[in-house]
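To be precise, the following lines are query.txt, and they hold compact mmCIF, N, CA and C atoms.
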# COMPACT_ATOMS: atom_id res chain seq x y z
N MET A 1 54.60 25.09 -70.58
CA MET A 1 53.39 25.33 -71.28
C MET A 1 53.09 24.07 -72.08
N TYR A 2 51.81 23.66 -72.07
CA TYR A 2 51.45 22.41 -72.73
C TYR A 2 50.08 22.49 -73.37
N VAL A 3 49.88 21.65 -74.37
CA VAL A 3 48.58 21.49 -75.00
C VAL A 3 48.25 20.00 -74.92
N LEU A 4 47.08 19.71 -74.37
CA LEU A 4 46.60 18.33 -74.28
C LEU A 4 45.49 18.13 -75.31
N VAL A 5 45.34 16.89 -75.75
CA VAL A 5 44.22 16.53 -76.62
C VAL A 5 43.49 15.35 -75.95
N SER A 6 42.18 15.42 -76.00
CA SER A 6 41.36 14.37 -75.41
C SER A 6 41.38 13.14 -76.31
N GLU A 7 41.63 11.98 -75.73
CA GLU A 7 41.56 10.73 -76.50
C GLU A 7 40.10 10.35 -76.75
N ALA A 8 39.20 10.80 -75.88
CA ALA A 8 37.78 10.49 -76.05
C ALA A 8 37.15 11.37 -77.14
N ASP A 9 37.63 12.61 -77.28
CA ASP A 9 37.12 13.55 -78.27
C ASP A 9 38.31 14.34 -78.82
N PRO A 10 38.94 13.87 -79.88
CA PRO A 10 40.16 14.50 -80.40
C PRO A 10 39.99 15.96 -80.82
N ALA A 11 38.76 16.44 -80.94
CA ALA A 11 38.54 17.85 -81.27
C ALA A 11 38.69 18.73 -80.03
N CYS A 12 38.76 18.13 -78.86
CA CYS A 12 38.84 18.87 -77.60
C CYS A 12 40.30 18.98 -77.15
N HIS A 13 40.74 20.23 -76.95
CA HIS A 13 42.11 20.51 -76.52
C HIS A 13 42.09 21.32 -75.23
N TYR A 14 43.15 21.24 -74.47
CA TYR A 14 43.30 22.03 -73.24
C TYR A 14 44.72 22.58 -73.21
N THR A 15 44.85 23.85 -72.89
CA THR A 15 46.15 24.51 -72.81
C THR A 15 46.40 24.92 -71.37
N GLY A 16 47.60 24.65 -70.88
CA GLY A 16 47.94 25.00 -69.51
C GLY A 16 49.43 25.25 -69.35
N CYS A 17 49.80 25.54 -68.12
CA CYS A 17 51.18 25.86 -67.78
C CYS A 17 51.53 25.17 -66.46
N THR A 18 52.69 24.53 -66.40
CA THR A 18 53.08 23.83 -65.18
C THR A 18 54.59 23.66 -65.14
N ALA A 19 55.11 23.43 -63.97
CA ALA A 19 56.54 23.13 -63.81
C ALA A 19 56.78 21.62 -63.84
N ASP A 20 55.73 20.81 -63.63
CA ASP A 20 55.86 19.35 -63.60
C ASP A 20 54.80 18.75 -64.52
N LEU A 21 55.13 18.58 -65.78
CA LEU A 21 54.17 18.14 -66.78
C LEU A 21 53.62 16.75 -66.50
N HIS A 22 54.47 15.83 -66.10
CA HIS A 22 54.02 14.46 -65.83
C HIS A 22 52.97 14.43 -64.71
N ALA A 23 53.25 15.13 -63.62
CA ALA A 23 52.30 15.17 -62.50
C ALA A 23 51.00 15.86 -62.91
N ARG A 24 51.10 16.91 -63.72
CA ARG A 24 49.90 17.64 -64.15
C ARG A 24 49.04 16.77 -65.06
N LEU A 25 49.67 16.01 -65.96
CA LEU A 25 48.92 15.10 -66.83
C LEU A 25 48.20 14.04 -65.99
N MET A 26 48.87 13.52 -64.97
CA MET A 26 48.23 12.54 -64.09
C MET A 26 47.02 13.15 -63.38
N THR A 27 47.12 14.41 -62.97
CA THR A 27 45.99 15.10 -62.32
C THR A 27 44.82 15.23 -63.29
N HIS A 28 45.10 15.65 -64.53
CA HIS A 28 44.04 15.76 -65.53
C HIS A 28 43.37 14.40 -65.76
N ASN A 29 44.16 13.36 -65.91
CA ASN A 29 43.60 12.03 -66.20
C ASN A 29 42.91 11.39 -65.00
N ALA A 30 43.21 11.85 -63.79
CA ALA A 30 42.55 11.34 -62.59
C ALA A 30 41.25 12.09 -62.31
N GLY A 31 40.94 13.13 -63.09
CA GLY A 31 39.73 13.91 -62.88
C GLY A 31 39.90 15.02 -61.87
N GLY A 32 41.14 15.37 -61.55
CA GLY A 32 41.42 16.39 -60.54
C GLY A 32 41.23 17.82 -61.01
N CYS A 33 40.96 18.03 -62.27
CA CYS A 33 40.71 19.37 -62.81
C CYS A 33 39.29 19.39 -63.37
N PRO A 34 38.41 20.23 -62.81
CA PRO A 34 37.01 20.22 -63.26
C PRO A 34 36.82 20.57 -64.73
N HIS A 35 37.74 21.37 -65.30
CA HIS A 35 37.61 21.78 -66.70
C HIS A 35 37.90 20.64 -67.67
N THR A 36 38.63 19.63 -67.24
CA THR A 36 39.04 18.56 -68.14
C THR A 36 38.50 17.19 -67.76
N ALA A 37 37.82 17.09 -66.64
CA ALA A 37 37.41 15.78 -66.11
C ALA A 37 36.51 14.99 -67.08
N LYS A 38 35.58 15.65 -67.74
CA LYS A 38 34.64 14.89 -68.56
C LYS A 38 35.20 14.47 -69.92
N TYR A 39 36.38 14.94 -70.28
CA TYR A 39 36.97 14.58 -71.57
C TYR A 39 38.17 13.63 -71.42
N ARG A 40 38.31 13.00 -70.26
CA ARG A 40 39.43 12.07 -70.02
C ARG A 40 39.32 10.86 -70.92
N PRO A 41 40.39 10.19 -71.20
CA PRO A 41 41.79 10.49 -70.85
C PRO A 41 42.41 11.51 -71.83
N TRP A 42 43.49 12.12 -71.37
CA TRP A 42 44.21 13.13 -72.12
C TRP A 42 45.59 12.61 -72.49
N ARG A 43 46.12 13.14 -73.60
CA ARG A 43 47.52 12.87 -73.94
C ARG A 43 48.16 14.19 -74.32
N ILE A 44 49.46 14.26 -74.19
CA ILE A 44 50.19 15.48 -74.50
C ILE A 44 50.30 15.63 -76.01
N GLU A 45 49.83 16.75 -76.52
CA GLU A 45 49.95 17.07 -77.94
C GLU A 45 51.23 17.86 -78.19
N THR A 46 51.46 18.88 -77.34
CA THR A 46 52.62 19.76 -77.49
C THR A 46 53.09 20.19 -76.12
N ALA A 47 54.39 20.23 -75.92
CA ALA A 47 54.97 20.76 -74.68
C ALA A 47 56.13 21.68 -75.07
N ILE A 48 56.13 22.87 -74.50
CA ILE A 48 57.17 23.86 -74.79
C ILE A 48 57.74 24.34 -73.47
N ALA A 49 59.05 24.30 -73.35
CA ALA A 49 59.73 24.77 -72.13
C ALA A 49 60.23 26.18 -72.35
N PHE A 50 60.02 27.02 -71.36
CA PHE A 50 60.50 28.40 -71.37
C PHE A 50 61.45 28.60 -70.20
N ARG A 51 62.48 29.39 -70.39
CA ARG A 51 63.37 29.73 -69.26
C ARG A 51 62.70 30.71 -68.33
N ASP A 52 61.86 31.57 -68.88
CA ASP A 52 61.21 32.63 -68.12
C ASP A 52 59.74 32.25 -67.90
N GLN A 53 59.32 32.14 -66.65
CA GLN A 53 57.95 31.74 -66.31
C GLN A 53 56.93 32.71 -66.89
N GLN A 54 57.22 33.99 -66.87
CA GLN A 54 56.26 34.97 -67.39
C GLN A 54 56.04 34.80 -68.89
N LYS A 55 57.09 34.44 -69.62
CA LYS A 55 56.93 34.20 -71.06
C LYS A 55 56.03 32.99 -71.30
N ALA A 56 56.15 31.96 -70.47
CA ALA A 56 55.29 30.79 -70.59
C ALA A 56 53.84 31.17 -70.32
N ILE A 57 53.61 31.97 -69.30
CA ILE A 57 52.26 32.42 -68.96
C ILE A 57 51.68 33.28 -70.08
N ASP A 58 52.49 34.16 -70.64
CA ASP A 58 52.03 35.02 -71.73
C ASP A 58 51.69 34.20 -72.98
N PHE A 59 52.51 33.19 -73.29
CA PHE A 59 52.25 32.36 -74.46
C PHE A 59 50.99 31.52 -74.25
N GLU A 60 50.80 31.02 -73.03
CA GLU A 60 49.57 30.28 -72.71
C GLU A 60 48.35 31.17 -72.93
N ALA A 61 48.42 32.41 -72.45
CA ALA A 61 47.30 33.34 -72.62
C ALA A 61 47.05 33.61 -74.10
N TYR A 62 48.11 33.75 -74.88
CA TYR A 62 47.96 33.96 -76.32
C TYR A 62 47.26 32.76 -76.96
N LEU A 63 47.67 31.54 -76.61
CA LEU A 63 47.06 30.35 -77.21
C LEU A 63 45.59 30.20 -76.83
N LYS A 64 45.17 30.83 -75.75
CA LYS A 64 43.77 30.78 -75.34
C LYS A 64 42.93 31.87 -76.00
N SER A 65 43.59 32.78 -76.74
CA SER A 65 42.88 33.84 -77.46
C SER A 65 42.40 33.29 -78.80
N GLY A 66 41.58 34.02 -79.50
CA GLY A 66 41.07 33.59 -80.80
C GLY A 66 42.17 33.35 -81.81
N SER A 67 43.07 34.30 -81.96
CA SER A 67 44.16 34.13 -82.94
C SER A 67 45.13 33.05 -82.48
N GLY A 68 45.31 32.91 -81.18
CA GLY A 68 46.19 31.87 -80.65
C GLY A 68 45.63 30.48 -80.87
N ARG A 69 44.31 30.32 -80.73
CA ARG A 69 43.69 29.02 -80.99
C ARG A 69 43.87 28.64 -82.47
N GLU A 70 43.75 29.61 -83.35
CA GLU A 70 43.96 29.34 -84.77
C GLU A 70 45.41 28.98 -85.05
N PHE A 71 46.34 29.69 -84.41
CA PHE A 71 47.77 29.38 -84.53
C PHE A 71 48.02 27.94 -84.10
N ALA A 72 47.49 27.56 -82.94
CA ALA A 72 47.69 26.20 -82.41
C ALA A 72 47.06 25.16 -83.33
N ARG A 73 45.90 25.45 -83.88
CA ARG A 73 45.24 24.51 -84.79
C ARG A 73 46.10 24.26 -86.02
N ARG A 74 46.72 25.31 -86.55
CA ARG A 74 47.53 25.17 -87.76
C ARG A 74 48.90 24.54 -87.50
N HIS A 75 49.49 24.83 -86.34
CA HIS A 75 50.89 24.43 -86.10
C HIS A 75 51.07 23.27 -85.15
N PHE A 76 50.10 22.98 -84.32
CA PHE A 76 50.25 21.88 -83.38
C PHE A 76 49.34 20.76 -83.81
Represent the structure of the file as structure tokens.
Amino acid sequence: MYVLVSEADPACHYTGCTADLHARLMTHNAGGCPHTAKYRPWRIETAIAFRDQQKAIDFEAYLKSGSGREFARRHF
């Protein structure tokens, strides 16, 4: 699970989940993801490893909710 911040617009963040963070960051910065292409380049703000894939997916979903976005704003 990861949170990216746009270097072009530091107020813009993206939350996602991947097994290969380095490759995923390269995809975001190459414009391979339509949701993040216009805010390139990106840098990693926070990365959290989970042993259980479902827990990572659940935490990603939480961070995309209203209370989760506020949690991330305060703690990340």
One-decimal distance in Å that lies between atom N of Ala72 in chain A and atom C of Ala56 in chain A: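 Answer for the atom C of Ala56 in chain A to atom N of Ala72 in chain A separation: 14.6 Å.
One distance worth recording is that between atom N of Leu21 in chain A and atom N of Tyr39 in chain A, which is 19.6 Å.
Each of A:Gln54, A:His22, A:Ala49, A:Ser67 was checked against Met1 in chain A using all atoms listed in the file; the smallest atom-to-atom distance is that of A:Ala49.
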Strand (DSSP E) per DSSP on the backbone: members of chain A, as a PyMOL selection string: chain A and resi 2-6+13-16+42-47
Residues from last step as file, N, CA and C atoms, as a PDB file, in the frame of the given file:
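Once written, again22.pdb looks like this:
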ATOM      1  N   TYR A   2      51.810  23.660 -72.070  1.00  0.00           N
ATOM      2  CA  TYR A   2      51.450  22.410 -72.730  1.00  0.00           C
ATOM      3  C   TYR A   2      50.080  22.490 -73.370  1.00  0.00           C
ATOM      4  N   VAL A   3      49.880  21.650 -74.370  1.00  0.00           N
ATOM      5  CA  VAL A   3      48.580  21.490 -75.000  1.00  0.00           C
ATOM      6  C   VAL A   3      48.250  20.000 -74.920  1.00  0.00           C
ATOM      7  N   LEU A   4      47.080  19.710 -74.370  1.00  0.00           N
ATOM      8  CA  LEU A   4      46.600  18.330 -74.280  1.00  0.00           C
ATOM      9  C   LEU A   4      45.490  18.130 -75.310  1.00  0.00           C
ATOM     10  N   VAL A   5      45.340  16.890 -75.750  1.00  0.00           N
ATOM     11  CA  VAL A   5      44.220  16.530 -76.620  1.00  0.00           C
ATOM     12  C   VAL A   5      43.490  15.350 -75.950  1.00  0.00           C
ATOM     13  N   SER A   6      42.180  15.420 -76.000  1.00  0.00           N
ATOM     14  CA  SER A   6      41.360  14.370 -75.410  1.00  0.00           C
ATOM     15  C   SER A   6      41.380  13.140 -76.310  1.00  0.00           C
ATOM     16  N   HIS A  13      40.740  20.230 -76.950  1.00  0.00           N
ATOM     17  CA  HIS A  13      42.110  20.510 -76.520  1.00  0.00           C
ATOM     18  C   HIS A  13      42.090  21.320 -75.230  1.00  0.00           C
ATOM     19  N   TYR A  14      43.150  21.240 -74.470  1.00  0.00           N
ATOM     20  CA  TYR A  14      43.300  22.030 -73.240  1.00  0.00           C
ATOM     21  C   TYR A  14      44.720  22.580 -73.210  1.00  0.00           C
ATOM     22  N   THR A  15      44.850  23.850 -72.890  1.00  0.00           N
ATOM     23  CA  THR A  15      46.150  24.510 -72.810  1.00  0.00           C
ATOM     24  C   THR A  15      46.400  24.920 -71.370  1.00  0.00           C
ATOM     25  N   GLY A  16      47.600  24.650 -70.880  1.00  0.00           N
ATOM     26  CA  GLY A  16      47.940  25.000 -69.510  1.00  0.00           C
ATOM     27  C   GLY A  16      49.430  25.250 -69.350  1.00  0.00           C
ATOM     28  N   TRP A  42      43.490  12.120 -71.370  1.00  0.00           N
ATOM     29  CA  TRP A  42      44.210  13.130 -72.120  1.00  0.00           C
ATOM     30  C   TRP A  42      45.590  12.610 -72.490  1.00  0.00           C
ATOM     31  N   ARG A  43      46.120  13.140 -73.600  1.00  0.00           N
ATOM     32  CA  ARG A  43      47.520  12.870 -73.940  1.00  0.00           C
ATOM     33  C   ARG A  43      48.160  14.190 -74.320  1.00  0.00           C
ATOM     34  N   ILE A  44      49.460  14.260 -74.190  1.00  0.00           N
ATOM     35  CA  ILE A  44      50.190  15.480 -74.500  1.00  0.00           C
ATOM     36  C   ILE A  44      50.300  15.630 -76.010  1.00  0.00           C
ATOM     37  N   GLU A  45      49.830  16.750 -76.520  1.00  0.00           N
ATOM     38  CA  GLU A  45      49.950  17.070 -77.940  1.00  0.00           C
ATOM     39  C   GLU A  45      51.230  17.860 -78.190  1.00  0.00           C
ATOM     40  N   THR A  46      51.460  18.880 -77.340  1.00  0.00           N
ATOM     41  CA  THR A  46      52.620  19.760 -77.490  1.00  0.00           C
ATOM     42  C   THR A  46      53.090  20.190 -76.120  1.00  0.00           C
ATOM     43  N   ALA A  47      54.390  20.230 -75.920  1.00  0.00           N
ATOM     44  CA  ALA A  47      54.970  20.760 -74.680  1.00  0.00           C
ATOM     45  C   ALA A  47      56.130  21.680 -75.070  1.00  0.00           C
TER      46      ALA A  47
END
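Our summary of the geometry notes that CA of Pro41 in chain A is positioned 5.1 Å from atom N of Glu7 in chain A.
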Residues within 8 Å of Tyr14 in chain A, please, as a list of chain:residue names. Count only C-alpha atoms; anything in the same chain fewer than 6 positions from it doesn't count. A:Val3, A:Leu4, A:Val5, A:Thr36
Run DSSP on the backbone and tell me which residues of chain A come out as helix (DSSP H, G or I); list them as a ChimeraX atom specification. /A:21-29,37-39,53-63,66-75
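Distances here use only N, CA and C atoms; by that measure, the residue among A:Arg43, A:Phe71, A:Phe59, A:Tyr2 closest to Thr15 in chain A is A:Tyr2.
Of the residues under consideration (A:Lys64, A:Asp9, A:Gly16, A:Met26), A:Asp9 shows the shortest atom-to-atom contact distance to Arg40 in chain A when counting all atoms listed in the file.
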